[in-house]
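Everything below belongs to run-v2.txt, which stores compact mmCIF, C-alpha atoms and all ligand atoms.
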# COMPACT_ATOMS: atom_id res chain seq x y z
CA MET W 1 46.20 -43.97 7.13
CA LEU W 2 43.64 -41.23 7.74
CA LEU W 3 44.79 -37.72 8.61
CA GLY W 4 42.88 -35.36 10.87
CA VAL W 5 44.26 -31.84 10.62
CA ASN W 6 44.01 -29.94 13.87
CA ILE W 7 43.30 -26.33 12.86
CA ASP W 8 43.29 -24.80 16.38
CA HIS W 9 46.69 -23.31 15.70
CA ILE W 10 45.23 -21.01 13.07
CA ALA W 11 43.02 -19.58 15.80
CA VAL W 12 46.07 -19.31 18.08
CA LEU W 13 47.59 -16.90 15.56
CA ARG W 14 44.36 -14.95 15.32
CA GLU W 15 44.13 -14.68 19.09
CA ALA W 16 47.64 -13.19 19.24
CA ARG W 17 46.00 -10.02 17.85
CA LYS W 18 42.41 -10.66 18.97
CA ILE W 19 41.11 -9.83 15.52
CA ASN W 20 39.38 -11.95 12.87
CA ASP W 21 42.38 -12.96 10.80
CA PRO W 22 43.45 -15.69 10.05
CA ASN W 23 40.08 -17.41 10.21
CA PRO W 24 40.21 -21.19 10.84
CA VAL W 25 37.04 -21.57 8.77
CA ASP W 26 39.07 -20.60 5.68
CA ALA W 27 41.15 -23.75 6.19
CA LEU W 28 38.23 -26.12 5.60
CA SER W 29 38.28 -26.16 1.80
CA ILE W 30 42.10 -26.22 1.66
CA CYS W 31 42.21 -29.24 4.00
CA LYS W 32 39.70 -31.02 1.80
CA ILE W 33 41.54 -30.22 -1.47
CA ALA W 34 44.87 -31.31 0.05
CA GLY W 35 43.49 -34.73 0.98
CA ALA W 36 42.89 -34.42 4.71
CA ASN W 37 40.29 -36.87 5.99
CA GLN W 38 39.03 -35.02 9.02
CA ILE W 39 39.00 -31.60 10.65
CA THR W 40 40.02 -31.65 14.29
CA ILE W 41 39.37 -28.77 16.69
CA HIS W 42 39.56 -28.40 20.45
CA LEU W 43 36.96 -26.25 22.18
CA ARG W 44 38.88 -25.54 25.37
CA GLU W 45 37.17 -24.45 28.57
CA ASP W 46 39.22 -21.22 28.55
CA ARG W 47 38.45 -20.64 24.81
CA ARG W 48 42.05 -19.69 24.28
CA HIS W 49 41.91 -20.41 20.54
CA ILE W 50 38.73 -21.92 19.08
CA HIS W 51 35.62 -19.99 20.16
CA ASP W 52 32.05 -21.26 20.30
CA ASN W 53 31.17 -19.53 17.05
CA ASP W 54 34.21 -21.03 15.25
CA ALA W 55 33.12 -24.48 16.40
CA LYS W 56 29.53 -23.80 15.25
CA VAL W 57 30.51 -22.57 11.79
CA ILE W 58 33.11 -25.34 11.35
CA CYS W 59 30.57 -28.04 12.28
CA GLU W 60 28.01 -26.51 9.92
CA GLN W 61 30.29 -25.87 6.96
CA SER W 62 32.91 -28.62 6.94
CA SER W 63 32.46 -31.19 4.20
CA LEU W 64 34.95 -33.37 6.08
CA PRO W 65 33.89 -35.06 9.33
CA VAL W 66 34.63 -32.90 12.38
CA ASN W 67 36.41 -34.41 15.37
CA LEU W 68 35.76 -32.10 18.31
CA GLU W 69 38.19 -32.51 21.20
CA CYS W 70 36.75 -31.49 24.54
CA SER W 71 36.94 -31.99 28.28
CA ILE W 72 34.26 -33.86 30.20
CA ASN W 73 33.02 -30.65 31.82
CA GLU W 74 29.20 -30.64 31.74
CA ASP W 75 28.82 -27.20 30.13
CA ILE W 76 31.22 -28.16 27.35
CA ILE W 77 29.48 -31.50 26.76
CA ASP W 78 26.13 -29.66 26.47
CA ILE W 79 27.64 -27.43 23.78
CA VAL W 80 29.10 -30.42 21.94
CA CYS W 81 25.71 -32.16 22.00
CA LYS W 82 24.21 -29.13 20.24
CA LEU W 83 27.06 -28.83 17.72
CA LYS W 84 26.75 -32.51 16.72
CA PRO W 85 30.23 -33.13 15.31
CA ALA W 86 30.86 -36.55 13.78
CA ARG W 87 33.07 -37.42 16.75
CA ALA W 88 33.91 -36.08 20.18
CA THR W 89 37.36 -36.92 21.53
CA LEU W 90 37.37 -36.64 25.30
CA VAL W 91 40.60 -35.17 26.65
CA PRO W 92 41.83 -34.11 30.08
CA GLU W 93 42.13 -30.38 30.51
CA ASN W 94 44.15 -28.31 32.88
CA ARG W 95 43.99 -24.54 32.61
CA ALA W 96 47.69 -23.97 33.28
CA GLU W 97 48.94 -26.28 30.53
CA VAL W 98 50.32 -25.03 27.20
CA THR W 99 48.73 -28.00 25.45
CA THR W 100 47.18 -31.34 26.48
CA GLU W 101 49.83 -33.03 28.58
CA GLY W 102 48.64 -36.59 28.94
CA GLY W 103 45.77 -38.98 28.55
CA LEU W 104 42.46 -39.11 30.44
CA ASP W 105 42.34 -40.53 33.94
CA VAL W 106 39.87 -43.25 32.89
CA LYS W 107 39.87 -45.01 36.28
CA GLY W 108 39.29 -41.84 38.30
CA ASN W 109 36.53 -40.62 35.98
CA PHE W 110 34.93 -43.95 35.06
CA GLU W 111 31.38 -43.17 36.19
CA LYS W 112 31.44 -39.62 34.86
CA LEU W 113 32.75 -40.94 31.53
CA GLN W 114 29.91 -43.49 31.37
CA LYS W 115 27.36 -40.65 31.71
CA VAL W 116 29.10 -38.33 29.25
CA ILE W 117 29.52 -41.07 26.65
CA LYS W 118 25.85 -42.03 26.90
CA LYS W 119 24.83 -38.41 26.47
CA LEU W 120 26.97 -38.06 23.35
CA HIS W 121 25.79 -41.39 21.93
CA ASP W 122 22.18 -40.30 22.45
CA GLU W 123 22.97 -37.44 20.04
CA GLU W 124 24.55 -39.93 17.61
CA ILE W 125 28.02 -38.51 18.19
CA GLU W 126 30.82 -41.07 17.95
CA VAL W 127 33.15 -40.98 20.98
CA SER W 128 36.90 -41.37 21.25
CA LEU W 129 39.00 -41.35 24.43
CA PHE W 130 42.41 -39.68 24.42
CA ILE W 131 44.49 -41.98 26.60
CA ASP W 132 48.05 -42.92 27.43
CA PRO W 133 49.31 -46.07 25.71
CA LYS W 134 49.10 -48.29 28.78
CA GLU W 135 47.58 -51.77 28.67
CA GLU W 136 45.48 -51.36 31.80
CA ILE W 137 44.00 -48.06 30.56
CA ILE W 138 43.05 -49.59 27.20
CA GLU W 139 41.37 -52.52 28.97
CA LEU W 140 39.39 -50.10 31.10
CA ALA W 141 38.51 -47.89 28.11
CA SER W 142 37.16 -50.95 26.30
CA LYS W 143 34.51 -51.26 29.04
CA LEU W 144 33.15 -47.83 28.19
CA ASN W 145 31.32 -48.71 24.96
CA VAL W 146 33.38 -46.41 22.72
CA LYS W 147 34.37 -47.10 19.13
CA TRP W 148 37.67 -45.20 19.17
CA ILE W 149 40.64 -44.48 21.37
CA GLU W 150 43.33 -41.93 20.52
CA LEU W 151 46.75 -42.82 21.87
CA HIS W 152 48.74 -39.96 23.36
CA THR W 153 52.08 -39.88 21.52
CA GLY W 154 53.53 -36.97 23.53
CA THR W 155 56.04 -39.05 25.49
CA PHE W 156 57.32 -40.67 22.30
CA ALA W 157 57.54 -37.28 20.53
CA ASN W 158 59.46 -35.67 23.39
CA VAL W 159 62.03 -38.44 23.63
CA TYR W 160 62.38 -38.50 19.83
CA ALA W 161 63.07 -34.76 19.78
CA MET W 162 65.58 -34.96 22.63
CA LEU W 163 67.43 -37.78 20.91
CA ASN W 164 67.46 -36.30 17.44
CA SER W 165 67.88 -32.60 17.96
CA GLY W 166 68.60 -32.12 21.65
CA LEU W 167 65.30 -30.26 21.87
CA SER W 168 62.14 -31.23 23.64
CA THR W 169 58.71 -30.58 22.16
CA THR W 170 57.36 -29.42 25.48
CA HIS W 171 58.88 -28.33 28.72
CA HIS W 172 61.56 -30.55 30.11
CA THR W 173 63.95 -30.13 32.93
CA ILE W 174 67.62 -29.64 32.13
CA LYS W 175 68.17 -32.94 33.92
CA GLU W 176 66.08 -34.80 31.33
CA LEU W 177 67.87 -33.08 28.45
CA GLU W 178 71.19 -34.23 29.87
CA LEU W 179 70.26 -37.92 29.89
CA PRO W 180 72.91 -40.02 28.14
CA ARG W 181 72.03 -40.97 24.54
CA LYS W 182 71.87 -44.66 25.46
CA GLU W 183 69.25 -43.93 28.05
CA LEU W 184 67.27 -41.79 25.61
CA LYS W 185 67.42 -44.56 23.00
CA ASN W 186 66.06 -47.04 25.54
CA LYS W 187 63.31 -44.59 26.48
CA LEU W 188 62.39 -44.20 22.81
CA LYS W 189 62.27 -47.97 22.28
CA LYS W 190 60.13 -48.32 25.39
CA SER W 191 57.67 -45.63 24.25
CA ILE W 192 57.28 -47.26 20.81
CA LYS W 193 56.84 -50.69 22.39
CA GLU W 194 54.13 -49.29 24.69
CA ILE W 195 52.26 -47.88 21.70
CA LYS W 196 52.51 -51.20 19.82
CA THR W 197 51.29 -53.17 22.84
CA ALA W 198 48.45 -50.68 23.32
CA CYS W 199 47.43 -51.27 19.69
CA LYS W 200 47.35 -55.05 20.22
CA VAL W 201 45.19 -54.68 23.33
CA ALA W 202 42.90 -52.29 21.41
CA LYS W 203 42.58 -54.75 18.53
CA LYS W 204 41.71 -57.56 20.93
CA ASN W 205 38.97 -55.32 22.34
CA LYS W 206 37.73 -54.24 18.88
CA LEU W 207 38.66 -50.59 19.40
CA LYS W 208 39.69 -48.41 16.48
CA VAL W 209 42.96 -46.63 17.15
CA ALA W 210 43.95 -43.05 16.37
CA ALA W 211 47.13 -41.40 17.63
CA GLY W 212 48.30 -37.85 18.11
CA HIS W 213 50.29 -35.23 19.92
CA GLY W 214 53.70 -33.95 18.97
CA LEU W 215 53.77 -35.79 15.64
CA ASN W 216 55.80 -34.04 12.96
CA TYR W 217 57.55 -34.54 9.63
CA GLN W 218 60.58 -36.13 11.32
CA ASN W 219 58.96 -38.58 13.72
CA VAL W 220 55.64 -39.49 12.10
CA LYS W 221 56.81 -42.58 10.17
CA GLU W 222 57.66 -44.39 13.40
CA ILE W 223 54.00 -44.11 14.36
CA SER W 224 52.29 -44.39 10.98
CA SER W 225 54.06 -47.71 10.36
CA ILE W 226 52.52 -49.31 13.46
CA LYS W 227 49.85 -51.85 12.59
CA ASN W 228 46.30 -51.09 13.77
CA ILE W 229 46.71 -47.32 13.96
CA SER W 230 44.25 -46.06 11.39
CA GLU W 231 44.24 -42.30 11.97
CA LEU W 232 46.62 -39.55 13.05
CA ASN W 233 45.53 -36.15 14.36
CA ILE W 234 48.23 -33.57 13.73
CA GLY W 235 48.18 -29.82 14.32
CA GLN W 236 51.24 -27.87 15.39
CA SER W 237 53.74 -29.24 12.86
CA ILE W 238 51.40 -28.91 9.87
CA ILE W 239 50.34 -25.36 10.69
CA ALA W 240 53.96 -24.40 11.49
CA ARG W 241 55.12 -25.67 8.09
CA SER W 242 52.20 -23.97 6.35
CA VAL W 243 53.64 -20.57 7.31
CA PHE W 244 56.45 -21.29 4.84
CA THR W 245 54.85 -23.60 2.28
CA GLY W 246 51.15 -22.85 2.42
CA LEU W 247 48.61 -25.11 4.10
CA GLU W 248 47.81 -27.24 1.06
CA LYS W 249 51.45 -28.24 0.50
CA ALA W 250 52.02 -28.83 4.23
CA ILE W 251 49.11 -31.30 4.29
CA ILE W 252 50.17 -32.99 1.04
CA ASP W 253 53.71 -33.43 2.44
CA MET W 254 52.31 -35.05 5.58
CA LYS W 255 49.93 -37.31 3.63
CA GLU W 256 52.88 -38.50 1.55
CA LEU W 257 54.82 -39.46 4.66
CA ILE W 258 52.06 -41.40 6.38
N1 LIG W 301 45.16 -35.06 19.48
C1 LIG W 301 44.75 -34.49 20.65
C2 LIG W 301 43.76 -35.24 21.49
C3 LIG W 301 45.21 -33.22 21.05
O1 LIG W 301 44.80 -32.67 22.21
C4 LIG W 301 46.11 -32.53 20.20
C5 LIG W 301 46.57 -31.16 20.58
O2 LIG W 301 45.49 -30.27 20.52
C6 LIG W 301 46.50 -33.16 18.99
C7 LIG W 301 46.02 -34.42 18.69
C8 LIG W 301 47.44 -32.49 18.05
O3 LIG W 301 48.69 -32.31 18.64
P1 LIG W 301 49.81 -31.47 17.93
O4 LIG W 301 49.31 -30.08 17.80
O5 LIG W 301 51.00 -31.61 18.82
O6 LIG W 301 50.02 -32.10 16.56

Could you express the structure from this file as structure tokens?
Amino acid sequence: MLLGVNIDHIAVLREARKINDPNPVDALSICKIAGANQITIHLREDRRHIHDNDAKVICEQSSLPVNLECSINEDIIDIVCKLKPARATLVPENRAEVTTEGGLDVKGNFEKLQKVIKKLHDEEIEVSLFIDPKEEIIELASKLNVKWIELHTGTFANVYAMLNSGLSTTHHTIKELELPRKELKNKLKKSIKEIKTACKVAKKNKLKVAAGHGLNYQNVKEISSIKNISELNIGQSIIARSVFTGLEKAIIDMKELI
């Protein structure tokens, strides 16, 4: 199982003070030493954490492949084409959200995606689509000539957290938190089944499968044990643990689990 470490959260801490410390670039060598397989960053349209210069220096200096998450906005895609990361993961973006809240609307953006993907391929950038684990979306994604999809595990992670600690990883209504345990268990089973089915459909269509969002030290084994998932992209939980253990140990702990 390959691990992409999402280092945006280091820039989140920096932006809390709007200074130059901590610098996400300093994480590159630690990620490599700890056994990470990829550096993942998200250049958001609002530049709320990673800035253009971070992305430039990270793409230039990382000895690990860089997976650059980005929206399909034309200005952003132009920047990505210049940065030439190993991979671009296309994600939906909504300015009001705290973090990415779901997968791409592949159907609604099909033609735009075709153009964007061609543009990235022309620059020899591999493309991945961040999508919800739904059969029909995987089938549609397979028509877009991409090598990778990344399955959104947010729904699974939220239900897992509600069931195991009474907490949700993102914002939930009190009503959802009050669901009976039996109902939560069924929801969890359903979310895992959806991910497994999505993997089968991906395999049939020769797509490589990554997964990410909300994965942590408690829930990750449920996902890493699913056949056909070959990479996980994890940010929040690793960087959160690193505050207490250091980044190297936080990555080693995650690598051991997956
Ligand atoms: N994969 C994608 C496409 C994402 O947008 C994010 C969040 O930036 C992650 C993985 C990592 O999610 P988390 O920070 O919850 O581990």

(message) So that I can check the surroundings of Glu150 in chain W, please list as a ChimeraX atom specification every protein, DNA and RNA residue that reaches within 10 Å of it, counting all atoms listed in the file and ignoring chain neighbours fewer than 3 positions away.
(response) /W:89-91,103,128-133,153,207-213,229,231-233

(message) For ligand LIG 301 (chain W), return the neighbouring residues as a PyMOL selection string (distance at most 10 Å; all atoms listed in the file).
(response) chain W and resi 4-9+40-44+67-71+88-93+98-104+128-131+149-154+157+169-170+210-216+232-240

Please report, as JSON, the centre and edge lengths in Å to one decimal of an axis-aligned box covering all listed atoms of range 234-245 of chain W with 4 Å per side.
{"center_x": 52.3, "center_y": -27.1, "center_z": 8.8, "size_x": 16.3, "size_y": 21.0, "size_z": 21.1}

(request) Would you please work out which residue, of W:Val25, W:Cys31, W:Leu247, W:Val116, is nearest to Asp75 in chain W when using only C-alpha atoms? (result) W:Val116

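Across the structure, CA of Asn219 in chain W and CA of Ser191 in chain W are spaced 12.7 Å apart.
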